[in-house]
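S.K.: Here you go, one structure.
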Amino acid sequence: MEISPDKEKLIELAHYRMPFGKFKGRYLVDLPEPYLVWFNQKGFPEGKLGMLLKSMFEIKVNGLEPIIRKVQRDFSPKK
């Protein structure tokens with residue numbers, strides 16, 4: 001079984017900005033890890049934002065931020 005990431009979703013994740021709160025406007029990759037840990041403990045929001053935050057939590061916990069930063073540099077966001 002081969003797992004391959006969805007390129008479009010990875011590009012979206014790399015360019016997605018926090019839509020509300022203290023960190024409004026920041027790229028999800030730039031959110032502090034403790035903030036994502038808090039969401040993981042309390043529960044991620046429903047829907048697309050929750051899925052993206054949960055993905056970013058896993059990326060940060062596993063030290064994979066350089067991949068997201070490379071995607072930000074190399075691929076423009078889809079409009």
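Within each chain, counting starts at residue 1; across the structure tokens, chains are named A, B, ... in the order shown, with ligands numbered 1 upward in that order.
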Residues at most 10 Å from Pro32 of chain A, counting only C-alpha atoms, excluding those fewer than 3 positions away in the same chain, as a PDB file with C-alpha atoms, in the first residue's frame?

M.R.:
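Wrote out28.pdb, looks like this:
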ATOM      1  CA  PHE A  23      -3.107  34.535  15.727  1.00  0.00           C
ATOM      2  CA  LEU A  28      -0.835  27.759  10.223  1.00  0.00           C
ATOM      3  CA  VAL A  29       2.805  26.658  10.085  1.00  0.00           C
ATOM      4  CA  TYR A  35      -1.387  26.481  20.667  1.00  0.00           C
ATOM      5  CA  LEU A  36      -1.803  23.397  18.469  1.00  0.00           C
ATOM      6  CA  VAL A  37      -1.194  21.119  21.467  1.00  0.00           C
ATOM      7  CA  PHE A  57      -0.275  19.632  14.659  1.00  0.00           C
ATOM      8  CA  LYS A  60       4.911  20.111  13.890  1.00  0.00           C
TER       9      LYS A  60
END

S.K.: Could you check which of A:Asn62, A:Asn40, A:Gln72, A:Ser55 is closest to Ala14 of chain A, using only C-alpha atoms?

M.R.: A:Gln72

S.K.: Of the candidates A:His15, A:Lys54, A:Lys42, A:Lys48, which shows the shortest atom-to-atom distance to Ile68 of chain A, using only C-alpha atoms?

M.R.: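 Of A:His15, A:Lys54, A:Lys42, A:Lys48, the one nearest Ile68 of chain A is A:His15, counting only C-alpha atoms.
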
S.K.: Could you check how far atom CA of Val61 of chain A sits from atom CA of Glu33 of chain A, in Å to one decimal?

M.R.: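 Separating atom CA of Val61 of chain A from atom CA of Glu33 of chain A is a distance of 7.9 Å.
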
S.K.: Would you work out the distance separating atom CA of Gly21 of chain A from atom CA of Gly47 of chain A, expressed in Å to one decimal?

M.R.: 17.1 Å

S.K.: Identify all residues of segment 7-39 of chain A in helix (DSSP H, G or I) (DSSP on the backbone) and supply them as a PyMOL selection string.

M.R.: chain A and resi 7-15+28-30+33-39

S.K.: Check the smallest atom-to-atom distance from each of A:Lys24, A:Ile11, A:Leu53, A:Tyr16 to Phe39 of chain A using only C-alpha atoms, then report the winner.

M.R.: A:Leu53

S.K.: Return the single residue from A:Leu31, A:Ile59, A:Lys22, A:Leu52 that is closest to Lys9 of chain A, with distances computed using only C-alpha atoms.

M.R.: A:Leu52

S.K.: I'd like the interatomic distance between atom CA of Pro19 of chain A and atom CA of Pro77 of chain A, to a tenth of an Å.

M.R.: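 Separation of atom CA of Pro19 of chain A and atom CA of Pro77 of chain A: 16.2 Å.
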
S.K.: Rank A:Phe20, A:Phe75, A:Tyr27, A:Phe44 by their smallest atom-to-atom distance to Lys7 of chain A, using only C-alpha atoms, and report the top residue only.

M.R.: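 So, comparing all the options, the nearest one is A:Phe75.
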